[in-house]
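The file protein14.pdb contains PDB, C-alpha atoms and all ligand atoms:
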```pdb
MODEL        1
ATOM      1  CA  MET U   1     -26.226 -15.473 -10.899
ATOM      2  CA  ALA U   2     -26.533 -13.515  -7.689
ATOM      3  CA  ASN U   3     -24.988 -10.349  -8.983
ATOM      4  CA  ASN U   4     -25.546  -8.668 -12.283
ATOM      5  CA  MET U   5     -23.436  -5.931 -13.735
ATOM      6  CA  TYR U   6     -24.894  -2.946 -15.464
ATOM      7  CA  ALA U   7     -23.830  -0.296 -17.863
ATOM      8  CA  TYR U   8     -25.217   3.182 -17.315
ATOM      9  CA  LYS U   9     -26.674   4.705 -20.430
ATOM     10  CA  CYS U  10     -26.930   8.486 -20.539
ATOM     11  CA  THR U  11     -30.540   9.495 -21.200
ATOM     12  CA  GLY U  12     -29.261  12.633 -22.875
ATOM     13  CA  CYS U  13     -26.903  11.275 -25.524
ATOM     14  CA  GLY U  14     -26.900   7.490 -25.176
ATOM     15  CA  GLU U  15     -23.239   7.204 -24.135
ATOM     16  CA  LEU U  16     -22.560   4.000 -22.143
ATOM     17  CA  HIS U  17     -20.596   4.162 -18.900
ATOM     18  CA  HIS U  18     -19.103   1.506 -16.658
ATOM     19  CA  PRO U  19     -18.410   1.789 -13.842
ATOM     20  CA  LYS U  20     -21.101   4.297 -12.933
ATOM     21  CA  HIS U  21     -20.426   7.957 -13.527
ATOM     22  CA  TYR U  22     -22.459  10.723 -11.940
ATOM     23  CA  VAL U  23     -22.045  13.093 -14.829
ATOM     24  CA  CYS U  24     -21.991  11.926 -18.462
ATOM     25  CA  ARG U  25     -18.437  12.168 -19.766
ATOM     26  CA  LYS U  26     -19.777  13.128 -23.173
ATOM     27  CA  CYS U  27     -22.630  15.612 -22.686
ATOM     28  CA  GLY U  28     -22.648  16.377 -18.957
ATOM     29  CA  ALA U  29     -26.164  15.051 -18.273
ATOM     30  CA  ARG U  30     -26.855  13.455 -14.889
ATOM     31  CA  GLU U  31     -29.601  10.961 -15.719
ATOM     32  CA  PHE U  32     -28.737   7.351 -16.522
ATOM     33  CA  GLU U  33     -30.630   4.216 -17.437
ATOM     34  CA  GLU U  34     -29.333   0.807 -16.292
ATOM     35  CA  ILE U  35     -28.519  -1.649 -19.055
ATOM     36  CA  LEU U  36     -27.793  -5.260 -18.070
ATOM     37  CA  LEU U  37     -24.396  -6.353 -19.337
ATOM     38  CA  GLU U  38     -24.541  -9.867 -20.712
ATOM     39  CA  GLY U  39     -23.612 -11.990 -23.674
ATOM     40  CA  GLU U  40     -20.369 -12.754 -25.398
ATOM     41  CA  VAL U  41     -17.477 -10.347 -25.218
ATOM     42  CA  THR U  42     -14.256 -10.109 -27.201
ATOM     43  CA  LEU U  43     -10.878  -9.923 -25.504
ATOM     44  CA  VAL U  44      -9.174  -6.672 -26.530
ATOM     45  CA  THR U  45      -6.008  -6.882 -24.472
ATOM     46  CA  TYR U  46      -4.741  -8.597 -21.336
ATOM     47  CA  THR U  47      -1.932  -8.718 -18.866
ATOM     48  CA  LYS U  48      -0.736 -11.433 -16.504
ATOM     49  CA  VAL U  49       0.081 -10.580 -12.922
ATOM     50  CA  TYR U  50       2.676 -12.799 -11.268
ATOM     51  CA  ASN U  51       4.029 -12.649  -7.703
ATOM     52  CA  LEU U  52       0.603 -13.135  -6.142
ATOM     53  CA  PRO U  53       0.143 -12.833  -2.396
ATOM     54  CA  GLU U  54       0.276 -16.027  -0.320
ATOM     55  CA  GLY U  55      -2.806 -18.213  -0.549
ATOM     56  CA  TYR U  56      -3.228 -18.312  -4.290
ATOM     57  CA  MET U  57      -3.210 -21.700  -5.956
ATOM     58  CA  LYS U  58      -2.331 -20.227  -9.343
ATOM     59  CA  PRO U  59       0.978 -19.012 -10.756
ATOM     60  CA  TYR U  60      -0.648 -15.808 -11.986
ATOM     61  CA  LEU U  61      -3.903 -13.943 -12.451
ATOM     62  CA  ALA U  62      -4.892 -12.491 -15.788
ATOM     63  CA  PHE U  63      -6.618  -9.151 -16.164
ATOM     64  CA  GLY U  64      -7.952  -7.859 -19.414
ATOM     65  CA  ILE U  65     -10.087  -5.401 -21.273
ATOM     66  CA  VAL U  66     -13.037  -6.814 -23.171
ATOM     67  CA  LYS U  67     -15.599  -5.350 -25.504
ATOM     68  CA  PHE U  68     -19.331  -6.049 -25.282
ATOM     69  CA  LYS U  69     -21.494  -6.287 -28.388
ATOM     70  CA  ASN U  70     -22.960  -2.880 -27.523
ATOM     71  CA  GLY U  71     -19.483  -1.390 -27.910
ATOM     72  CA  LEU U  72     -18.772  -0.849 -24.204
ATOM     73  CA  THR U  73     -15.293  -1.839 -23.058
ATOM     74  CA  VAL U  74     -14.703  -2.888 -19.457
ATOM     75  CA  SER U  75     -11.845  -4.404 -17.497
ATOM     76  CA  GLY U  76     -11.939  -7.524 -15.384
ATOM     77  CA  GLN U  77     -10.238 -10.719 -14.369
ATOM     78  CA  ILE U  78      -9.831 -13.390 -17.055
ATOM     79  CA  ASP U  79     -10.155 -17.005 -15.964
ATOM     80  CA  ALA U  80      -8.884 -18.973 -18.954
ATOM     81  CA  GLU U  81      -6.089 -21.475 -19.509
ATOM     82  CA  VAL U  82      -5.175 -20.073 -22.889
ATOM     83  CA  LEU U  83      -5.409 -16.369 -23.654
ATOM     84  CA  SER U  84      -5.456 -14.782 -27.057
ATOM     85  CA  ILE U  85      -6.482 -11.370 -28.313
ATOM     86  CA  GLY U  86      -9.844 -11.564 -30.078
ATOM     87  CA  MET U  87     -11.058 -14.681 -28.233
ATOM     88  CA  LYS U  88     -14.701 -14.837 -27.115
ATOM     89  CA  LEU U  89     -15.472 -14.853 -23.406
ATOM     90  CA  ILE U  90     -18.563 -14.933 -21.217
ATOM     91  CA  PRO U  91     -18.910 -12.468 -18.325
ATOM     92  CA  THR U  92     -19.558 -13.761 -14.818
ATOM     93  CA  VAL U  93     -19.511 -11.816 -11.576
ATOM     94  CA  GLY U  94     -17.429 -12.839  -8.613
ATOM     95  CA  VAL U  95     -14.991 -11.712  -5.988
ATOM     96  CA  ILE U  96     -11.993 -10.145  -7.656
ATOM     97  CA  LYS U  97      -8.773 -10.294  -5.706
ATOM     98  CA  GLU U  98      -6.248  -7.640  -6.462
ATOM     99  CA  GLY U  99      -4.365  -7.781  -3.224
ATOM    100  CA  ILE U 100      -4.716  -8.341   0.481
ATOM    101  CA  GLY U 101      -7.766  -6.585   1.864
ATOM    102  CA  LYS U 102      -8.883  -5.398  -1.538
ATOM    103  CA  ASP U 103     -11.455  -8.004  -2.557
ATOM    104  CA  TYR U 104     -14.457  -6.624  -4.346
ATOM    105  CA  TYR U 105     -17.116  -7.766  -6.782
ATOM    106  CA  GLY U 106     -16.269  -7.422 -10.400
ATOM    107  CA  PHE U 107     -16.228  -9.168 -13.708
ATOM    108  CA  ILE U 108     -14.544 -12.512 -14.191
ATOM    109  CA  PHE U 109     -14.522 -13.469 -17.855
ATOM    110  CA  LYS U 110     -14.498 -17.149 -18.757
ATOM    111  CA  PRO U 111     -14.124 -19.018 -22.035
ATOM    112  CA  LEU U 112     -17.228 -20.198 -23.867
ATOM    113  CA  ALA U 113     -18.213 -23.668 -22.666
TER
HETATM  114 ZN    ZN T   1     -24.601  12.096 -22.265
ENDMDL
END
```
Let me see whether you can do it: turn the structure in this file into structure tokens.
Amino acid sequence: MANNMYAYKCTGCGELHHPKHYVCRKCGAREFEEILLEGEVTLVTYTKVYNLPEGYMKPYLAFGIVKFKNGLTVSGQIDAEVLSIGMKLIPTVGVIKEGIGKDYYGFIFKPLA
């Protein structure tokens, strides 16, 4: 994988942040340690976005919030045929499309193989 995603762990209190914060939302410290985000995640909630811009080969894109084993929750695109709350997914990193001219790298969660 070309791109890895990290959580930012406060060296003061251990609170995990993602995306990166410059000041800990819990204790106000400014020092963080990078923690590689990997492994299975659990789908917490999701939403389907229809009416995609021209050029998409899919009827909709799914976006969701997932929880890592370390307790961190993050949002990302979900690339799965069937979606259900509580399902296990694997994080990958790719170009997320949320609209024309707004591509950026982010999480794309896929079902376990
Ligand atoms: Zn802190």
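Among the candidates U:Tyr8, U:Pro19, U:Leu83, U:Ala29, the one nearest to ligand ZN 1 (chain T) when counting only C-alpha atoms and all ligand atoms is U:Ala29.
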Nearest to Gly28 of chain U, chosen from U:Glu15, U:Glu54, U:Glu40, U:Glu81, with all atoms listed in the file counted in the distances
U:Glu15
Just so the selection is clear, what residues does the PyMOL selection byres (((not hetatm)) within 9 of (chain T and resi 1)) cover here, as JSON, numbers by chain?
{"U": [9, 10, 11, 12, 13, 14, 15, 16, 23, 24, 25, 26, 27, 28, 29, 30, 31, 32]}
Which distance in Å separates atom CA of Met5 of chain U and atom CA of Ile78 of chain U, to one decimal?
15.9 Å
Counting all atoms listed in the file, which residues sit no farther than 9 Å from the position (-12.4, -14.1, -28.2) in the file's frame? I'd like them as JSON, numbers by chain.
{"U": [40, 41, 42, 43, 44, 66, 83, 84, 85, 86, 87, 88, 89, 111, 112]}
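Distances here use only C-alpha atoms; by that measure, the residue among U:Leu37, U:Val74, U:Val93, U:Ala80 closest to Lys58 of chain U is U:Ala80.
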Selected by the PyMOL selection byres (((chain U and resi 70) around 10) and not hetatm) in the shown coordinates: which residues, as a PyMOL selection string?
chain U and resi 16+37-39+41+67-69+71-73
d(atom CA of Tyr56 of chain U, atom CA of Ile96 of chain U) in Å:
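Atom CA of Ile96 of chain U lies at a distance of 12.4 Å from atom CA of Tyr56 of chain U.
Relative to atom CA of Gly94 of chain U, atom CA of Pro59 of chain U is found at 19.5 Å.
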Taking only C-alpha atoms into account, name the residue in U:Gln77, U:Ile108, U:Leu52, U:Ala113 that is nearest to Gly64 of chain U.
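Closest to Gly64 of chain U of all the choices is U:Gln77.
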Evaluate the PyMOL selection byres (((chain U and resi 61) around 7) and not hetatm) against this structure - the residues, as a JSON list (two decimals) with C-alpha atoms, in the coordinates of the input, please.
```json
[["chain", "number", "residue", "atom", "x", "y", "z"],
["U", 48, "LYS", "CA", -0.74, -11.43, -16.50],
["U", 49, "VAL", "CA", 0.08, -10.58, -12.92],
["U", 50, "TYR", "CA", 2.68, -12.80, -11.27],
["U", 60, "TYR", "CA", -0.65, -15.81, -11.99],
["U", 62, "ALA", "CA", -4.89, -12.49, -15.79],
["U", 63, "PHE", "CA", -6.62, -9.15, -16.16]]
```
